[in-house]
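Colleague: If you scroll down you'll find the structure; I have some questions about it.
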Amino acid sequence: MTFCLGITVSDGLVGIADTRIMSGNELTTAPKVSCYSFENGYGAFFMMTSGLRSVRDKVMTYLDEAISMADEPYDRMYKAANAVSEQIRKVAGEDREYLERSGLNFNIHVLIGGQLKNDAEHQLYLIYPEGNWVIITHGTPFHIIGESGYGKPVLDRTLKFTDNIGFALKVGCLAFDSTRISASDVDFPVDVVLYYKDSNQLVEHRFEKSDLAEISTWWQEKLRSLVHELPSEWIDNIAAKLTKVQKSQILQAKNQGRVI
């Protein structure tokens, strides 16, 4: 499985991806993020993928060739998304039939985000295995591909489009940590990509487990502490009802000559 998280906030984009690759009983590590930066103010974008690694590698190889052969870089993010979609459909035409014969689904999901020369603002897209795409909007400013069930609640409760990149990175790392704790097939190292609005540059960094151990422990201790601090009147009311039931049972048993 995979954990790839894309976040769009008012001042930029955050991408977070684990690096664990599973093939049968074998575990390996490989990046799931690819970054593209262009000269002369053409901007930059990043891509993260989930699904079959063989499909991903073939799509990326074809995309790299298409970019190198183009007369000039893409000037809008939707054009970059369309280029990825074109390569996905090309690979599907070549490999889908053979994968399905072997009992495998043609599976690739892509998050692509950035800002190119003629984009008024940064954009984040989700591309499906069929090659169609949607834009990640301000209402729900994030999307997870891969293992989404454990990290999504953290983001749903905390993240807003008006938050800054620093806050988005914090909650994104907490979402990754929640997933890592609960899903055995998601783990460190974790790759982070940041894009600041209108900067035309990507910032990349890889975190090892030891790098984030302190915040993981802090987060766990804070959660336990906050549970203790939750108002408890509603629990006391339940306990009081249970006590009344127990007293009634004891009284009934005594009247019937039974001992409890």
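Each chain in the structure tokens gets a letter, A, B and so on, in the order shown; residues start at 1 in every chain, and ligands are counted from 1 in the order they appear.
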Pick out each residue of range 64-257 of chain A that DSSP on the backbone tags as strand (DSSP E or B); I need them as a PyMOL selection string.

Modeller: chain A and resi 108-116+123-127+133-135+142-146+190-196+202-207

Colleague: Produce a file of the selected residues containing N, CA and C atoms, as an mmCIF file, in the first residue's frame.

Modeller:
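Everything below was put into part19.cif:
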```cif
data_model
loop_
_atom_site.group_PDB
_atom_site.id
_atom_site.type_symbol
_atom_site.label_atom_id
_atom_site.label_comp_id
_atom_site.auth_asym_id
_atom_site.auth_seq_id
_atom_site.Cartn_x
_atom_site.Cartn_y
_atom_site.Cartn_z
ATOM 1 N N ILE A 108 -3.269 2.891 -11.229
ATOM 2 C CA ILE A 108 -2.386 4.017 -10.940
ATOM 3 C C ILE A 108 -3.257 5.231 -10.641
ATOM 4 N N HIS A 109 -2.967 5.888 -9.534
ATOM 5 C CA HIS A 109 -3.566 7.176 -9.205
ATOM 6 C C HIS A 109 -2.426 8.182 -9.057
ATOM 7 N N VAL A 110 -2.675 9.399 -9.501
ATOM 8 C CA VAL A 110 -1.622 10.419 -9.508
ATOM 9 C C VAL A 110 -2.133 11.695 -8.842
ATOM 10 N N LEU A 111 -1.308 12.259 -7.988
ATOM 11 C CA LEU A 111 -1.507 13.625 -7.510
ATOM 12 C C LEU A 111 -0.439 14.494 -8.155
ATOM 13 N N ILE A 112 -0.856 15.546 -8.839
ATOM 14 C CA ILE A 112 0.089 16.435 -9.491
ATOM 15 C C ILE A 112 -0.240 17.873 -9.092
ATOM 16 N N GLY A 113 0.777 18.570 -8.604
ATOM 17 C CA GLY A 113 0.556 19.924 -8.117
ATOM 18 C C GLY A 113 1.705 20.841 -8.472
ATOM 19 N N GLY A 114 1.394 22.105 -8.669
ATOM 20 C CA GLY A 114 2.427 23.082 -8.965
ATOM 21 C C GLY A 114 1.831 24.361 -9.509
ATOM 22 N N GLN A 115 2.664 25.147 -10.143
ATOM 23 C CA GLN A 115 2.240 26.395 -10.765
ATOM 24 C C GLN A 115 3.161 26.665 -11.941
ATOM 25 N N LEU A 116 2.565 26.838 -13.115
ATOM 26 C CA LEU A 116 3.343 27.080 -14.323
ATOM 27 C C LEU A 116 3.111 28.500 -14.834
ATOM 28 N N GLN A 123 -2.047 24.907 -8.404
ATOM 29 C CA GLN A 123 -3.144 23.965 -8.603
ATOM 30 C C GLN A 123 -2.721 22.572 -8.155
ATOM 31 N N LEU A 124 -3.699 21.787 -7.696
ATOM 32 C CA LEU A 124 -3.478 20.394 -7.320
ATOM 33 C C LEU A 124 -4.548 19.542 -7.993
ATOM 34 N N TYR A 125 -4.112 18.501 -8.715
ATOM 35 C CA TYR A 125 -5.020 17.638 -9.461
ATOM 36 C C TYR A 125 -4.898 16.190 -8.980
ATOM 37 N N LEU A 126 -6.010 15.469 -9.070
ATOM 38 C CA LEU A 126 -6.029 14.028 -8.886
ATOM 39 C C LEU A 126 -6.364 13.400 -10.229
ATOM 40 N N ILE A 127 -5.507 12.477 -10.694
ATOM 41 C CA ILE A 127 -5.717 11.791 -11.971
ATOM 42 C C ILE A 127 -6.020 10.323 -11.695
ATOM 43 N N TRP A 133 -9.359 13.551 -14.801
ATOM 44 C CA TRP A 133 -8.828 14.212 -13.602
ATOM 45 C C TRP A 133 -9.834 15.159 -12.994
ATOM 46 N N VAL A 134 -9.603 15.491 -11.719
ATOM 47 C CA VAL A 134 -10.381 16.495 -10.998
ATOM 48 C C VAL A 134 -9.401 17.430 -10.300
ATOM 49 N N ILE A 135 -9.872 18.654 -10.033
ATOM 50 C CA ILE A 135 -9.070 19.631 -9.302
ATOM 51 C C ILE A 135 -9.418 19.544 -7.820
ATOM 52 N N PHE A 142 -7.334 18.846 0.349
ATOM 53 C CA PHE A 142 -6.334 17.778 0.386
ATOM 54 C C PHE A 142 -6.910 16.537 -0.254
ATOM 55 N N HIS A 143 -6.023 15.618 -0.609
ATOM 56 C CA HIS A 143 -6.451 14.289 -1.048
ATOM 57 C C HIS A 143 -5.330 13.304 -0.743
ATOM 58 N N ILE A 144 -5.734 12.098 -0.350
ATOM 59 C CA ILE A 144 -4.786 11.012 -0.076
ATOM 60 C C ILE A 144 -5.026 9.920 -1.110
ATOM 61 N N ILE A 145 -3.974 9.430 -1.729
ATOM 62 C CA ILE A 145 -4.068 8.235 -2.560
ATOM 63 C C ILE A 145 -3.318 7.115 -1.844
ATOM 64 N N GLY A 146 -3.865 5.912 -1.961
ATOM 65 C CA GLY A 146 -3.302 4.793 -1.217
ATOM 66 C C GLY A 146 -4.106 4.556 0.048
ATOM 67 N N VAL A 190 10.072 9.149 4.670
ATOM 68 C CA VAL A 190 8.960 9.868 4.064
ATOM 69 C C VAL A 190 9.508 11.099 3.344
ATOM 70 N N ASP A 191 9.045 11.295 2.114
ATOM 71 C CA ASP A 191 9.492 12.419 1.300
ATOM 72 C C ASP A 191 8.483 13.563 1.378
ATOM 73 N N VAL A 192 9.004 14.778 1.515
ATOM 74 C CA VAL A 192 8.166 15.974 1.604
ATOM 75 C C VAL A 192 8.565 16.937 0.480
ATOM 76 N N VAL A 193 7.565 17.504 -0.185
ATOM 77 C CA VAL A 193 7.777 18.527 -1.203
ATOM 78 C C VAL A 193 6.915 19.739 -0.843
ATOM 79 N N LEU A 194 7.513 20.917 -0.893
ATOM 80 C CA LEU A 194 6.791 22.162 -0.633
ATOM 81 C C LEU A 194 6.883 23.058 -1.853
ATOM 82 N N TYR A 195 5.771 23.716 -2.144
ATOM 83 C CA TYR A 195 5.783 24.744 -3.186
ATOM 84 C C TYR A 195 5.141 26.007 -2.624
ATOM 85 N N TYR A 196 5.891 27.099 -2.579
ATOM 86 C CA TYR A 196 5.363 28.382 -2.128
ATOM 87 C C TYR A 196 4.823 29.155 -3.322
ATOM 88 N N LEU A 202 10.574 24.270 -6.166
ATOM 89 C CA LEU A 202 10.153 23.224 -5.230
ATOM 90 C C LEU A 202 11.206 23.035 -4.158
ATOM 91 N N VAL A 203 10.760 22.765 -2.939
ATOM 92 C CA VAL A 203 11.653 22.427 -1.828
ATOM 93 C C VAL A 203 11.421 20.961 -1.498
ATOM 94 N N GLU A 204 12.479 20.157 -1.519
ATOM 95 C CA GLU A 204 12.367 18.724 -1.264
ATOM 96 C C GLU A 204 13.147 18.342 -0.007
ATOM 97 N N HIS A 205 12.609 17.399 0.751
ATOM 98 C CA HIS A 205 13.312 16.912 1.936
ATOM 99 C C HIS A 205 12.832 15.505 2.258
ATOM 100 N N ARG A 206 13.741 14.679 2.752
ATOM 101 C CA ARG A 206 13.401 13.318 3.192
ATOM 102 C C ARG A 206 13.615 13.208 4.695
ATOM 103 N N PHE A 207 12.601 12.698 5.387
ATOM 104 C CA PHE A 207 12.676 12.471 6.826
ATOM 105 C C PHE A 207 12.838 10.985 7.115
#
```

Colleague: Using the chain letters and numbers from this document, which residues of range 172-244 of chain A does DSSP assign to helix (DSSP H, G or I), as a ChimeraX atom specification?

Modeller: /A:172-182,209-229,233-244

Colleague: Hey, could you make a per-residue contact list for range 97-204 of chain A against range 18-21 of chain A with 8 Å as the cut-off, showing the nearest pair of atoms and its distance in Å to one decimal, counting only C-alpha atoms, sorted by chain and number, as a Markdown table?

Modeller:
```
| residue | atom | partner | partner_atom | distance |
| --- | --- | --- | --- | --- |
| A:Asp185 | CA | A:Arg20 | CA | 6.9 |
| A:Val186 | CA | A:Arg20 | CA | 6.0 |
| A:Asp187 | CA | A:Arg20 | CA | 6.0 |
| A:Phe188 | CA | A:Asp18 | CA | 6.0 |
| A:Pro189 | CA | A:Thr19 | CA | 5.9 |
| A:Val190 | CA | A:Asp18 | CA | 4.4 |
| A:Asp191 | CA | A:Asp18 | CA | 6.2 |
```

Colleague: Filtering to C-alpha atoms, could you give me those residues as a tab-separated table (two decimals), in the first residue's frame?

Modeller:
```
chain	number	residue	atom	x	y	z
A	185	ASP	CA	2.61	-1.39	4.69
A	186	VAL	CA	3.26	2.37	5.15
A	187	ASP	CA	6.53	3.47	6.71
A	188	PHE	CA	9.60	5.70	6.70
A	189	PRO	CA	11.51	7.23	5.05
A	190	VAL	CA	8.96	9.87	4.06
A	191	ASP	CA	9.49	12.42	1.30
```

Colleague: Tell me, as a PyMOL selection string, which residues lie within 8 Å of Asp163 in chain A, counting only C-alpha atoms; anything in the same chain fewer than 4 positions away does not count.

Modeller: chain A and resi 9-10+159+167-168

Colleague: Would you mind exporting the chosen residues as a tab-separated table (two decimals), in the first residue's frame, restricted to N, CA and C atoms?

Modeller:
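The result, written out as result.tsv:
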```
chain	number	residue	atom	x	y	z
A	9	VAL	N	-3.09	24.96	0.10
A	9	VAL	CA	-3.51	26.03	1.01
A	9	VAL	C	-3.24	27.36	0.33
A	10	SER	N	-3.64	28.43	0.99
A	10	SER	CA	-3.62	29.74	0.33
A	10	SER	C	-2.22	30.15	-0.13
A	159	LEU	N	-7.61	20.86	9.04
A	159	LEU	CA	-7.04	21.61	7.92
A	159	LEU	C	-8.07	22.48	7.22
A	167	PHE	N	1.55	25.06	8.93
A	167	PHE	CA	0.48	24.31	9.61
A	167	PHE	C	0.10	23.08	8.79
A	168	ALA	N	0.00	23.25	7.47
A	168	ALA	CA	-0.37	22.13	6.61
A	168	ALA	C	0.66	21.01	6.70
```

Colleague: May I ask for the distance between CA of Ser225 in chain A and CA of Leu5 in chain A, given in Å to one decimal place?

Modeller: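 Interatomic distance, CA of Ser225 in chain A to CA of Leu5 in chain A: 27.7 Å.
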